[in-house]
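Participant: Structure provided below as structure tokens; questions to follow.
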Amino acid sequence: MNFFRRFLLIAILSALCTPAFAVGARSERDSVSMLLREGTDDARTRYSNVYALLSAGTSTGDQTEGIATDLVLPFVDKEWKEDVERRGINRSVTYLLVAFAYRERGGDDAELAVRKESEYMDRALEEALLSGNDMQCALCYNFSAYVELKRGDVTRAHEYMYKAIEYYDRQENFTKSSEMLYVIGAQFFEIKDAEGLDRVLEQMREYLDKDDSKQSRYQYNVLKHNYFTLLQERRDEASEASASGGVGAVGASGGANYSGISGGANGAVGGVAGRDGEYFALVDSAMVYIRANVELVERSVDELAGHWMHGYAYYYLAKELDRNYPERGAEIFDALDRAEQITQADMTREGSVVAGEANSHKEFYIMVGSIRLKALFRAGRVAQARRVLDGTMALLDGMENYENLNAIRSEVYRAAVDINEKSGDLGAALRFQKLLTDNEARAHEKEKVRAINDMSAKYDAERGKERIEMLTRENRDARLRLLLAFGLLSVLAVAVVLVVLWGRSRRHNIEQELYETALLAELHQTELDNMRRRESFATRETEIFEAGGEKSDALDSPERLDPPEGLDLPERLDPPGAISERETEGTSERAATAVAGANVRWQSPVVNAVEKIARQVADSRIDDQAKERYRDNLSHLDTALLESAYRLSQAPLTALDMKYIICFNASLDVRDIGLLFNVTPASVNTVRYRIRKKFAKDDPYRIVI
């Protein structure tokens, strides 16, 4: 809250130099309307005047909201239409004014005022982020953090504070960053989290290395003292657990919790007799930082932030002395007196935003009074202790929130019991004992409720954790099922593709085999027809020779000696002379001579096959260079060697076999052979294999193929 007041005070001070107060008794709405009228002042000056008027005004939150919505925001949108950053900053500041109005002056509905304050603080933050101005963003995150602390949402408050630190770091305002860390550390101290406080101190240490300002050092020393105080409490708790009961043990609240102070100084000293050397080492460490802050206040109070109550430095010194060295009463009284003097000086110091706000220091005076009355009672100054008790009780009765300073309240009641017993006023002692009992019962009930709430929160957290784990398992199982299904579908898809490819390949192979079979059947039929024609031709010639005994005119005709029309390669080609022995056995020598002459006049079937293949090569889609090479190879073939294949083969060679043999001997590529015969390269290799099987393994001609 102190930050808000400082912000407002700065605005008030700036307003003293503006004509905002010239509006006198006019209402704030009329005054704002008049200030926003176009005149001699520029837009920025007019807005500054309105800001000063609203921040120092007396309108309630809903009235300020109406003025901002009806007058100020339209003015801002109109004047800074093109300047996005300035428009965002001014809109953010306007929303902050409304939030402050709800905070400070509220309205008829207190609950609504709290909700409106939070709502407009969020709007201010949104506009600051849209403006892109780091200073305004840091300011809004700072204020929003305090709003969340007021609402009790510590986690979100810390989140906003770290956001503010980020923007302060961009501006290298490390003092403000350190101040945000101080507030975070104070929350850790409040919940007794020494580890969290230690982490914050490490972060503050880094900022001190960057900018060792007196304000940052003061804040660091306060948290460091608090850290050692928590460690002292842990040592006390450990001592209580190991001992059979200790008089004067320190309670969880951090204040002295003496079971009785009527024994005077000796009894008080007995309360710390059981503490070990390690405990007092922690005390000494805490005292180092307390005295460092006392020295800062004595020498540089004007350089410290005005919104701080620097009397706390002396209060903490008195508190540590009262807690651990109660016999040093003079030092305790000096520290308490100095604490009140510094606080009074802060309230009257020029520029201090806490000036004149005595009500905000009630808690401070109550804490100082609780230590003072105990020290007075130990010193035997009962009358003075009673006067201090009366003043402290008056302050406690004036506290609006009873729950504030609950532990200090118990200390005051306990001291009141002892003081009245010492004075002989047993009725008053009994009354304060009842108040003490009720207060501790209330505190116990509060702790029990807090424990129940913590247990409920932990139970809900455990249930939430189990639910999350269950959902995680379900998601994992679902993903596994999805992966398995996807894998199965992928395997099925691959299998289908393979089956389709295999089917297409199989169909192609079957079609190729059928084509080759049909081609072979056609060639075999052609060879059979040629053989029949050749036999018929030989028979007729033989009959002519045997019947006439004279040379036939047909033998002299070239056309007559040519093979009959449609005659192709013979099934088996024999060398010259072999035909006469086989086909004209038993005939006359003249007939044999005639047939031999006919064979000589016939063109060799191998030569015919070579010519046909040469023409096929010329007409094919083979590369031109390959064509030239193949034609050259075909022209240099040894036809006599090829004709001997008929004689050397163990099985009859067909005309198609002879064509393949010619291609093989002409060194045609397998792919080009397949292109000539319209078959695949694999089929060409199959034909090669079949032809080679028709020759003996030791046949030298087999190697050529």
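Scheme for the structure tokens: letters A, B, ... for chains in order shown; per-chain residue numbers from 1; ligand numbers from 1 in order shown.
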Near A:Phe677, within 10 Å and counting only C-alpha atoms, which residues show up once chain neighbours fewer than 3 positions away are dropped, as a list in words?

Facilitator: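 The contact residues come out as Glu516, Leu519, Gln616, Leu656, Lys659, Tyr660, Asp672, Ile673, Gly674, Thr680 and Val684 of chain A.
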
Participant: Which residues, written as an MDAnalysis selection string, have at least one atom at most 9 Å from A:Ala375, with only C-alpha atoms counted and residues fewer than 2 positions away on the same chain left out?

Facilitator: chainID A and resid 322 326 329 332:333 370:373 377:381 385

Participant: Compare A:Lys116, A:Lys150, A:Arg44, A:Arg533 by their minimum atom-to-atom distance to A:Thr60, counting only C-alpha atoms, and give me the closest one.

Facilitator: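 For A:Thr60, the nearest of the given residues is A:Lys116.
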
Participant: In Å to one decimal, how far is atom CA of A:Tyr459 from atom CA of A:Glu237?

Facilitator: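 Atom-to-atom, atom CA of A:Glu237 and atom CA of A:Tyr459 are spaced 27.3 Å apart.
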
Participant: With a distance cut-off of 9 Å and only C-alpha atoms, select the neighbouring residues of stretch 128-134 of chain A, excluding the residue or stretch itself and same-chain residues fewer than 2 positions from it, and output the selection as a VMD selection string.

Facilitator: chain A and resid 84 to 93 123 to 126 136 to 140 167 to 168 170 to 171

Participant: Taking into account only C-alpha atoms, which residue in the set A:Gln433, A:Leu296, A:Thr343, A:Val368 is nearest to A:Ala318?

Facilitator: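 The answer is A:Val368, which sits nearest to A:Ala318.
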
Participant: May I have the residues within 10 Å of A:Tyr316 as a PyMOL selection string, using only C-alpha atoms and disregarding those fewer than 6 positions away in the same chain?

Facilitator: chain A and resi 222+225-226+286-287+290-291+293-294+322+335-336+339+368

Participant: Name all residues at most 10 Å from A:Thr58 (count only C-alpha atoms; drop same-chain ones fewer than 3 positions away) and give them as a list in words.

Facilitator: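 The residues that qualify are Ser27, Glu28, Leu53, Leu54, Ser55, Gly61, Gln63, Thr64, Ala101, Glu104 and Arg105 of chain A.
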
Participant: Quick check for you: according to DSSP on this backbone, which residues of stretch 11-176 of chain A are classed as alpha helix (DSSP H)? Reply as a ChimeraX atom specification.

Facilitator: /A:11-15,28-35,43-55,61-67,73-79,84-104,110-131,134-151,154-170,174-176

Participant: Counting only C-alpha atoms, figure out which residue out of A:Lys693, A:Arg115, A:Lys214, A:Arg199 gets nearest to A:Asp302.

Facilitator: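 Counting only C-alpha atoms, the residue closest to A:Asp302 is A:Lys214.
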
Participant: Do you know which residues are at most 12 Å from A:Glu172 counting only C-alpha atoms, after dropping those on the same chain fewer than 3 positions away, and could you put them as a PyMOL selection string?

Facilitator: chain A and resi 134-135+138+165-169+175-178+207+210-211

Participant: In Å, rounded to a single decimal, give me how far atom CA of A:Met34 is from atom CA of A:Ala52.

Facilitator: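 Distance between the two atoms: 14.0 Å.
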
Participant: For A:Asn665, which of A:Arg507, A:Leu653, A:Gly398, A:Leu637 is the closest residue, counting only C-alpha atoms?

Facilitator: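 Among the listed residues, the smallest separation from A:Asn665 belongs to A:Leu637.
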
Participant: Quick one: pull the distance between atom CA of A:Ala238 and atom CA of A:Gly277, Å, one decimal.

Facilitator: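 Going from atom CA of A:Ala238 over to atom CA of A:Gly277, I get 13.8 Å.
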
Participant: Nearest residue to A:Asn324 out of A:Thr517, A:Thr437, A:Asn475, A:Gln232, using only C-alpha atoms?

Facilitator: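 Closest residue, counting only C-alpha atoms: A:Gln232.
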